[in-house]
Structures are given as structure tokens and as C-alpha cells.
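Report on the following structure.
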Amino acid sequence: MRDGFDTPEEPVAHEPRRARLTYPFEVAPESGSGQAVEVAPGVLWLRQPLGGSLGFINVWAIEDGEGWTIVDTGMATPQTKDGWRAAFADAMGGRPVTRVIVTHLHPDHIGLAGWMTRKFDCRLWMTRLEYFQCRMLVADTGREAPQDGVRFYQAAGWDEAAIEHYQVKFGGFGRAIHALPDSYRRMVDGETFEIGGRPWTVVVGSGHSPEHACLWQPDLKLLISGDQVLPKISSNVSVFPTEPQADPMNDWLTSLARLKTIVPEDVLVLPAHNDPFHGLHSRIDHLIAGHERALGRLEKNLGEAPRRAIDVFSLLFARVIGPDVLGMATGEAVAHLNCLVHRGSVTAEPDDHGVLWYRAA
């Protein structure tokens, strides 16, 4: 895993039955083809290629006067650049990009923002925490793995081979990101601005990333949800070595509950992965319930015997955790454990080797 990389997470084991969602589009745009599907007047759905099991990311082009506002860009790869060049010429009709909005800092969303804003001499729009944390992570490119990171993963129960793999791979985050713009236009929660003469409102969530921006358009009944709400996979919510006592799981669950109070059920949700869907509130309820059940299983199990973070994978994930997803799985396991620690139902104590053992309080 590259630090901070947005990667697919298997659903929590033994989740309640999935909510019934509806997918109104029978045909999706071909990834990297330059073709698009119009999901609402002036709003285009495109796909750009990704490696790994996700395969692609959904990106959006919104008519904006004489040009287009782009929401999310894909990773900085030659294949994605070719996909955008095809889109500029085909679906976007040769009209310029007027601004680039990025929902959050992960490379599959921001990877080509710097390339695109320079190409069209336009502005990057982001929330402040996402922009500056992305710059911080990019600055780690090529740097030696810090001892704080080594200690964090040793505390989770990693063996020497896993630690060595982490040290070798550290600093890869920025390799999938084109040089970022040196300035940006800040978006804030609750702000409303116009794209193509229609008002779009920023709704900020956190947990998956620190200040994730969703975009809501009430007239067209659209919500660009980024990774905050996905229809078929649960967004990765992880603790990282930079803030080992963080509680992003509580942040994420709270954000989901708040989103439900702001955005109505009848919107068409435009997610970063999988297909656009109807059923926002049902999906939010399902996600919250699934993680609460996982927290309950975890608390019960820790009442039977103390565990390390790597010992609880089977309680959280419906797949075997191999070296390719060990970092992501560990981050999410620690997020669940930290949530219980913050709730006061679990304690964490280090042994003589610095390994953290969690037990029911």
C-alpha cells in the first residue's frame, strides 16, 4: 500500500442485508475512451482508468459558460492523460476547462489537477485541509520511512518482513500526482457557488479523508459524493502513523449521519466508484449499521481475550488480508479499535516490546 492511497475495501463481514438501491443508467462510459453519459442537463459522467481491483474512477464535467468545470481528475498516468485528451476533443467538444474541483486528496482524485490547471490556466478548488495535507504527503516522496511509522506498525503487531516492506514502499504517495498548483481557491462547508448558472452547495465530511467535499445541486437533484458515500463498497477509514490516537471512524459515522440531515433522499448520487444510484439515505443507514455491528463484535471479542490490531481482521473483513492490503487493513482495524477506546469500552496497553494489546474495559 502507498501511504494514503485510496484503495477498495472489502465489506465488513456479516453486514446486514444491503439496502435496495436503484441504478438508472443501463450503459456506463467506457474508461479512458473520451466518451461520456449525460446524467443531467449539462452534467457529463466520464471514467478514467485505475490499476488494481477498482479499475476506474468516475469523474464529472459540468457545463460552465463557454467551458467546463471538472470534478476529480484520476491519477497522473499516461493512460489517464490520454483519456482526458480524448474527452477534451470528443465529449467536451474542444471547449476549455474553466476550473478543477477536487473532492479530496487521494491520488485517484487529485492526480492530474496540476496538469489540467496548467494546461488551461485555471484554478484548483479544494478544501483547506485536503490541499495542505496533500502537499505534506507529496513532500514525503523519496524520503526514508520515519521511525514513528515503524513504531506504529510494530505496535499493531507487524512482523519484520512487513516492516521492511513498509520501509521500501514508503514515500510512494506523490508518484501518482502531477506537481500540484502553488495556489488554490478554498471551498468551505455550507458554501454555495454557481456552476453553469446553477447553485452548488459544498457539504463537507470527514473520516475517509480530513475535509472531504461533496457537491449538492438541489434543482437537478444531484449529489457528487466522491468517496464519502459509495454504493457497493465501504470507504476505507484508517488511522495513520502521523496521528496514531485519531478517531476517524467516529468522524465518518458522524459525517454520514449529518449528510442525511442536509441532502434529501431523492437525489441521484454520483459516486467516485461503481455507478450512479438512487437511495442515499438507505445506503447511509446500511453503512452506519454495518460498522456499528462490527464495533459490537469487536468489543465482545475483546472481552474474551486481549488482541493486537492484526488479530481482529477476521472480525472486520470478509477476505484474507495479504501483504498487498495489509497497510490499509491495519489502518481500518486501528480505526475501529480507537473508536472503542474513545467510547471508553476498550483499553489499549503496550507490552515490553511496544506492541499494543486491546481488551474490553
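Convention: chains lettered A, B, ... in C-alpha cells order; per-chain residue numbering from 1; ligands numbered from 1 as shown.
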Sel. of strand (DSSP E) residues, range 186-324 of chain A, as number ranges by chain: A: 186-187, 192-195, 198-205, 212-217, 222-226, 268-271, 277-278
Could you take the residues named above and write them with N, CA and C atoms, as a compact mmCIF listing (two decimals), in the first residue's frame?
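Contents of again.txt, freshly written:
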# COMPACT_ATOMS: atom_id res chain seq x y z
N ARG A 186 -10.04 28.13 -1.91
CA ARG A 186 -10.57 27.33 -0.81
C ARG A 186 -12.08 27.19 -0.88
N MET A 187 -12.58 25.95 -0.70
CA MET A 187 -14.00 25.70 -0.52
C MET A 187 -14.27 25.46 0.97
N THR A 192 -22.14 28.06 -1.09
CA THR A 192 -22.84 27.85 -2.34
C THR A 192 -22.23 28.73 -3.42
N PHE A 193 -21.95 28.13 -4.57
CA PHE A 193 -21.42 28.90 -5.69
C PHE A 193 -22.05 28.36 -6.97
N GLU A 194 -21.95 29.12 -8.05
CA GLU A 194 -22.61 28.75 -9.29
C GLU A 194 -21.66 28.01 -10.22
N ILE A 195 -22.19 26.98 -10.85
CA ILE A 195 -21.56 26.33 -11.99
C ILE A 195 -22.61 26.30 -13.10
N ARG A 198 -26.21 27.45 -12.15
CA ARG A 198 -26.95 26.73 -11.11
C ARG A 198 -26.16 26.73 -9.80
N PRO A 199 -26.85 26.83 -8.64
CA PRO A 199 -26.13 26.83 -7.37
C PRO A 199 -25.74 25.42 -6.93
N TRP A 200 -24.50 25.26 -6.53
CA TRP A 200 -23.99 24.02 -5.96
C TRP A 200 -23.50 24.30 -4.55
N THR A 201 -23.86 23.45 -3.61
CA THR A 201 -23.51 23.65 -2.21
C THR A 201 -22.48 22.61 -1.78
N VAL A 202 -21.48 23.08 -1.03
CA VAL A 202 -20.43 22.21 -0.51
C VAL A 202 -20.92 21.59 0.80
N VAL A 203 -20.84 20.27 0.89
CA VAL A 203 -21.16 19.55 2.13
C VAL A 203 -19.92 18.74 2.51
N VAL A 204 -19.29 19.13 3.60
CA VAL A 204 -18.01 18.52 4.00
C VAL A 204 -18.25 17.33 4.91
N GLY A 205 -17.52 16.26 4.65
CA GLY A 205 -17.49 15.10 5.53
C GLY A 205 -16.05 14.80 5.91
N HIS A 212 -13.36 16.20 3.31
CA HIS A 212 -13.86 15.74 2.01
C HIS A 212 -15.06 16.59 1.58
N ALA A 213 -15.02 17.10 0.34
CA ALA A 213 -16.10 17.95 -0.16
C ALA A 213 -17.03 17.17 -1.07
N CYS A 214 -18.30 17.09 -0.70
CA CYS A 214 -19.36 16.64 -1.60
C CYS A 214 -20.01 17.89 -2.20
N LEU A 215 -20.63 17.75 -3.36
CA LEU A 215 -21.29 18.87 -4.04
C LEU A 215 -22.74 18.51 -4.31
N TRP A 216 -23.64 19.37 -3.80
CA TRP A 216 -25.09 19.12 -3.90
C TRP A 216 -25.74 20.18 -4.78
N GLN A 217 -26.50 19.73 -5.78
CA GLN A 217 -27.26 20.63 -6.64
C GLN A 217 -28.74 20.31 -6.48
N LEU A 222 -28.93 16.36 -7.64
CA LEU A 222 -27.68 15.65 -7.79
C LEU A 222 -26.81 15.82 -6.56
N LEU A 223 -26.08 14.75 -6.21
CA LEU A 223 -25.04 14.84 -5.19
C LEU A 223 -23.79 14.17 -5.73
N ILE A 224 -22.72 14.94 -5.94
CA ILE A 224 -21.43 14.35 -6.26
C ILE A 224 -20.80 13.97 -4.93
N SER A 225 -20.74 12.66 -4.67
CA SER A 225 -20.38 12.20 -3.32
C SER A 225 -18.92 11.84 -3.17
N GLY A 226 -18.13 11.84 -4.25
CA GLY A 226 -16.74 11.42 -4.13
C GLY A 226 -16.65 10.03 -3.51
N LEU A 268 -29.95 11.97 -7.08
CA LEU A 268 -29.14 10.99 -7.80
C LEU A 268 -27.71 11.15 -7.29
N VAL A 269 -27.17 10.09 -6.71
CA VAL A 269 -25.83 10.14 -6.14
C VAL A 269 -24.81 9.79 -7.22
N LEU A 270 -23.82 10.66 -7.39
CA LEU A 270 -22.75 10.46 -8.36
C LEU A 270 -21.48 10.13 -7.60
N PRO A 271 -21.18 8.82 -7.43
CA PRO A 271 -20.05 8.41 -6.61
C PRO A 271 -18.77 8.31 -7.43
N PHE A 277 -26.49 6.19 -8.44
CA PHE A 277 -27.59 5.43 -7.85
C PHE A 277 -28.57 6.34 -7.11
N HIS A 278 -29.75 5.82 -6.91
CA HIS A 278 -30.76 6.42 -6.02
C HIS A 278 -30.82 5.59 -4.74
Go through range 160-251 of chain A and flag each residue having an atom no more than 12 Å from range 322-340 of chain A; for those, report the closest pair of atoms plus their distance in Å to one decimal, using only C-alpha atoms, ordered by chain and rising number, as CSV.
residue,atom,partner,partner_atom,distance
A:Ala161,CA,A:Pro323,CA,9.7
A:Ala162,CA,A:Pro323,CA,7.4
A:Ile163,CA,A:Gly327,CA,10.1
A:Glu164,CA,A:Pro323,CA,11.5
A:His165,CA,A:Pro323,CA,8.6
A:Tyr166,CA,A:Gly327,CA,8.2
A:Gln167,CA,A:Gly327,CA,11.8
A:Lys169,CA,A:Gly327,CA,10.9
A:Phe170,CA,A:Gly327,CA,11.1
A:Gly207,CA,A:Ala335,CA,9.4
A:His208,CA,A:Glu332,CA,10.0
A:Ser234,CA,A:Glu332,CA,11.1
A:Ser235,CA,A:Glu332,CA,10.0
A:Asn236,CA,A:Glu332,CA,6.7
A:Val237,CA,A:Glu332,CA,5.4
A:Ser238,CA,A:Gly331,CA,4.2
A:Val239,CA,A:Gly331,CA,4.7
A:Phe240,CA,A:Gly331,CA,6.2
A:Pro241,CA,A:Gly331,CA,8.9
A:Thr242,CA,A:Gly331,CA,11.6
A:Glu243,CA,A:Ala335,CA,11.0
A:Pro244,CA,A:Val334,CA,8.5
A:Gln245,CA,A:Asn338,CA,6.7
A:Ala246,CA,A:Asn338,CA,7.0
A:Asp247,CA,A:Cys339,CA,5.5
A:Pro248,CA,A:Ala335,CA,6.3
A:Met249,CA,A:Ala335,CA,5.7
A:Asn250,CA,A:Cys339,CA,6.2
A:Asp251,CA,A:Cys339,CA,9.5
Please, could you write that set of residues out with N, CA, C and O atoms as an mmCIF file, in the first residue's frame?
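Once written, result-v5.cif looks like this:
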data_model
loop_
_atom_site.group_PDB
_atom_site.id
_atom_site.type_symbol
_atom_site.label_atom_id
_atom_site.label_comp_id
_atom_site.auth_asym_id
_atom_site.auth_seq_id
_atom_site.Cartn_x
_atom_site.Cartn_y
_atom_site.Cartn_z
ATOM 1 N N ALA A 161 9.263 -8.735 8.289
ATOM 2 C CA ALA A 161 9.089 -8.704 6.834
ATOM 3 C C ALA A 161 8.108 -7.611 6.420
ATOM 4 O O ALA A 161 8.331 -6.893 5.431
ATOM 5 N N ALA A 162 7.011 -7.466 7.163
ATOM 6 C CA ALA A 162 6.028 -6.426 6.847
ATOM 7 C C ALA A 162 6.612 -5.040 7.075
ATOM 8 O O ALA A 162 6.375 -4.114 6.284
ATOM 9 N N ILE A 163 7.376 -4.880 8.144
ATOM 10 C CA ILE A 163 8.021 -3.590 8.410
ATOM 11 C C ILE A 163 8.988 -3.244 7.290
ATOM 12 O O ILE A 163 9.036 -2.091 6.819
ATOM 13 N N GLU A 164 9.763 -4.214 6.849
ATOM 14 C CA GLU A 164 10.719 -3.962 5.761
ATOM 15 C C GLU A 164 9.988 -3.560 4.479
ATOM 16 O O GLU A 164 10.432 -2.659 3.755
ATOM 17 N N HIS A 165 8.864 -4.209 4.205
ATOM 18 C CA HIS A 165 8.067 -3.868 3.024
ATOM 19 C C HIS A 165 7.567 -2.424 3.132
ATOM 20 O O HIS A 165 7.611 -1.667 2.138
ATOM 21 N N TYR A 166 7.120 -2.033 4.303
ATOM 22 C CA TYR A 166 6.677 -0.646 4.531
ATOM 23 C C TYR A 166 7.811 0.331 4.280
ATOM 24 O O TYR A 166 7.632 1.372 3.621
ATOM 25 N N GLN A 167 8.998 0.022 4.768
ATOM 26 C CA GLN A 167 10.137 0.920 4.600
ATOM 27 C C GLN A 167 10.516 1.073 3.133
ATOM 28 O O GLN A 167 10.853 2.164 2.679
ATOM 29 N N LYS A 169 8.497 0.679 0.507
ATOM 30 C CA LYS A 169 7.434 1.324 -0.257
ATOM 31 C C LYS A 169 7.129 2.753 0.202
ATOM 32 O O LYS A 169 6.408 3.484 -0.491
ATOM 33 N N PHE A 170 7.658 3.157 1.337
ATOM 34 C CA PHE A 170 7.294 4.471 1.877
ATOM 35 C C PHE A 170 7.647 5.587 0.887
ATOM 36 O O PHE A 170 8.662 5.528 0.200
ATOM 37 N N GLY A 207 -13.309 11.530 7.871
ATOM 38 C CA GLY A 207 -13.148 10.127 8.238
ATOM 39 C C GLY A 207 -12.396 9.375 7.168
ATOM 40 O O GLY A 207 -11.336 8.811 7.420
ATOM 41 N N HIS A 208 -12.919 9.366 5.950
ATOM 42 C CA HIS A 208 -12.177 8.779 4.833
ATOM 43 C C HIS A 208 -10.986 9.664 4.493
ATOM 44 O O HIS A 208 -9.918 9.177 4.129
ATOM 45 N N SER A 234 -17.450 -0.113 0.980
ATOM 46 C CA SER A 234 -17.379 0.808 2.109
ATOM 47 C C SER A 234 -16.061 1.563 2.038
ATOM 48 O O SER A 234 -14.999 0.964 1.908
ATOM 49 N N SER A 235 -16.132 2.882 2.106
ATOM 50 C CA SER A 235 -14.922 3.703 2.025
ATOM 51 C C SER A 235 -13.932 3.308 3.113
ATOM 52 O O SER A 235 -14.315 3.051 4.256
ATOM 53 N N ASN A 236 -12.666 3.261 2.745
ATOM 54 C CA ASN A 236 -11.644 2.952 3.736
ATOM 55 C C ASN A 236 -11.544 4.087 4.750
ATOM 56 O O ASN A 236 -11.444 5.263 4.381
ATOM 57 N N VAL A 237 -11.603 3.749 6.016
ATOM 58 C CA VAL A 237 -11.460 4.711 7.115
ATOM 59 C C VAL A 237 -10.305 4.223 7.969
ATOM 60 O O VAL A 237 -10.413 3.184 8.626
ATOM 61 N N SER A 238 -9.192 4.945 7.947
ATOM 62 C CA SER A 238 -7.960 4.441 8.546
ATOM 63 C C SER A 238 -7.317 5.431 9.493
ATOM 64 O O SER A 238 -7.456 6.657 9.344
ATOM 65 N N VAL A 239 -6.580 4.878 10.445
ATOM 66 C CA VAL A 239 -5.650 5.643 11.280
ATOM 67 C C VAL A 239 -4.267 5.493 10.658
ATOM 68 O O VAL A 239 -3.882 4.400 10.227
ATOM 69 N N PHE A 240 -3.512 6.588 10.619
ATOM 70 C CA PHE A 240 -2.176 6.588 10.042
ATOM 71 C C PHE A 240 -1.144 6.954 11.109
ATOM 72 O O PHE A 240 -1.488 7.516 12.154
ATOM 73 N N PRO A 241 0.131 6.647 10.859
ATOM 74 C CA PRO A 241 1.173 6.904 11.862
ATOM 75 C C PRO A 241 1.307 8.359 12.272
ATOM 76 O O PRO A 241 1.793 8.646 13.368
ATOM 77 N N THR A 242 0.877 9.291 11.416
ATOM 78 C CA THR A 242 1.002 10.703 11.759
ATOM 79 C C THR A 242 0.088 11.123 12.913
ATOM 80 O O THR A 242 0.339 12.124 13.575
ATOM 81 N N GLU A 243 -0.993 10.373 13.147
ATOM 82 C CA GLU A 243 -1.920 10.693 14.245
ATOM 83 C C GLU A 243 -2.448 9.380 14.820
ATOM 84 O O GLU A 243 -3.601 9.006 14.614
ATOM 85 N N PRO A 244 -1.618 8.677 15.579
ATOM 86 C CA PRO A 244 -1.956 7.302 15.970
ATOM 87 C C PRO A 244 -3.151 7.180 16.901
ATOM 88 O O PRO A 244 -3.757 6.111 16.980
ATOM 89 N N GLN A 245 -3.510 8.247 17.625
ATOM 90 C CA GLN A 245 -4.678 8.178 18.528
ATOM 91 C C GLN A 245 -5.947 8.747 17.896
ATOM 92 O O GLN A 245 -6.950 8.950 18.585
ATOM 93 N N ALA A 246 -5.928 9.021 16.616
ATOM 94 C CA ALA A 246 -7.084 9.628 15.949
ATOM 95 C C ALA A 246 -8.303 8.715 15.999
ATOM 96 O O ALA A 246 -8.190 7.499 16.166
ATOM 97 N N ASP A 247 -9.475 9.326 15.827
ATOM 98 C CA ASP A 247 -10.733 8.573 15.822
ATOM 99 C C ASP A 247 -11.508 8.883 14.532
ATOM 100 O O ASP A 247 -12.606 9.453 14.570
ATOM 101 N N PRO A 248 -10.959 8.512 13.363
ATOM 102 C CA PRO A 248 -11.651 8.822 12.117
ATOM 103 C C PRO A 248 -12.955 8.057 11.927
ATOM 104 O O PRO A 248 -13.828 8.504 11.180
ATOM 105 N N MET A 249 -13.116 6.907 12.605
ATOM 106 C CA MET A 249 -14.358 6.157 12.457
ATOM 107 C C MET A 249 -15.529 6.958 13.023
ATOM 108 O O MET A 249 -16.599 7.044 12.399
ATOM 109 N N ASN A 250 -15.336 7.566 14.181
ATOM 110 C CA ASN A 250 -16.393 8.414 14.728
ATOM 111 C C ASN A 250 -16.650 9.604 13.815
ATOM 112 O O ASN A 250 -17.798 9.997 13.597
ATOM 113 N N ASP A 251 -15.569 10.190 13.266
ATOM 114 C CA ASP A 251 -15.735 11.305 12.330
ATOM 115 C C ASP A 251 -16.585 10.890 11.140
ATOM 116 O O ASP A 251 -17.470 11.630 10.697
#
Where does DSSP see alpha helix (DSSP H) in range 100-289 of chain A, if you list the residues as a PyMOL selection string? chain A and resi 107-110+113-120+128-138+147-155+160-169+248-262+280-289
Using CA of Ile321 in chain A and CA of Leu230 in chain A as the two end points, give the distance in Å to one decimal.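 Answer for the CA of Ile321 in chain A to CA of Leu230 in chain A separation: 21.7 Å.
Of note, CA of Ala91 in chain A and CA of Gln228 in chain A are spaced 26.8 Å apart.
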Who sits within 10 Å of Glu349 in chain A, only C-alpha atoms, same chain under 6 positions skipped, as a ChimeraX atom specification: /A:155,306,355-359
Just the selected residues (N, CA and C atoms), exported as a PDB file, in the first residue's frame, please.
ATOM      1  N   ALA A 155       3.569  -1.618  16.761  1.00  0.00           N
ATOM      2  CA  ALA A 155       2.536  -1.636  17.807  1.00  0.00           C
ATOM      3  C   ALA A 155       1.297  -2.389  17.360  1.00  0.00           C
ATOM      4  N   PRO A 306      -7.349 -10.435  25.179  1.00  0.00           N
ATOM      5  CA  PRO A 306      -6.724  -9.264  24.556  1.00  0.00           C
ATOM      6  C   PRO A 306      -6.230  -9.592  23.152  1.00  0.00           C
ATOM      7  N   VAL A 355       4.197  -3.409  21.613  1.00  0.00           N
ATOM      8  CA  VAL A 355       3.014  -3.885  20.906  1.00  0.00           C
ATOM      9  C   VAL A 355       1.773  -3.568  21.725  1.00  0.00           C
ATOM     10  N   LEU A 356       0.770  -2.968  21.076  1.00  0.00           N
ATOM     11  CA  LEU A 356      -0.465  -2.590  21.772  1.00  0.00           C
ATOM     12  C   LEU A 356      -1.423  -3.777  21.833  1.00  0.00           C
ATOM     13  N   TRP A 357      -1.909  -4.037  23.059  1.00  0.00           N
ATOM     14  CA  TRP A 357      -2.908  -5.080  23.286  1.00  0.00           C
ATOM     15  C   TRP A 357      -4.205  -4.414  23.744  1.00  0.00           C
ATOM     16  N   TYR A 358      -5.282  -4.747  23.014  1.00  0.00           N
ATOM     17  CA  TYR A 358      -6.576  -4.151  23.297  1.00  0.00           C
ATOM     18  C   TYR A 358      -7.427  -5.166  24.067  1.00  0.00           C
ATOM     19  N   ARG A 359      -8.126  -4.666  25.071  1.00  0.00           N
ATOM     20  CA  ARG A 359      -9.038  -5.526  25.845  1.00  0.00           C
ATOM     21  C   ARG A 359     -10.247  -4.704  26.259  1.00  0.00           C
TER      22      ARG A 359
END
Point-to-point distance in Å for CA of Leu54 in chain A and CA of Ala176 in chain A: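 Between CA of Ala176 in chain A and CA of Leu54 in chain A the gap works out to 15.6 Å.
Around range 33-38 of chain A, within 6 Å and counting only C-alpha atoms, the residues found are Pro29, Glu30, Ser31, Ala40, Val43, Leu44, Trp45, Leu46, Gly83, Ala86, Ala87, Asp90 and Ala91 of chain A, once anything fewer than 2 positions away on its own chain is removed.
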Among the residues A:Thr103, A:Gln133, A:Thr80, A:Gln147, the one that comes closest to His178 in chain A [using only C-alpha atoms]: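 Ranking A:Thr103, A:Gln133, A:Thr80, A:Gln147 by distance to His178 in chain A, first place goes to A:Thr80.
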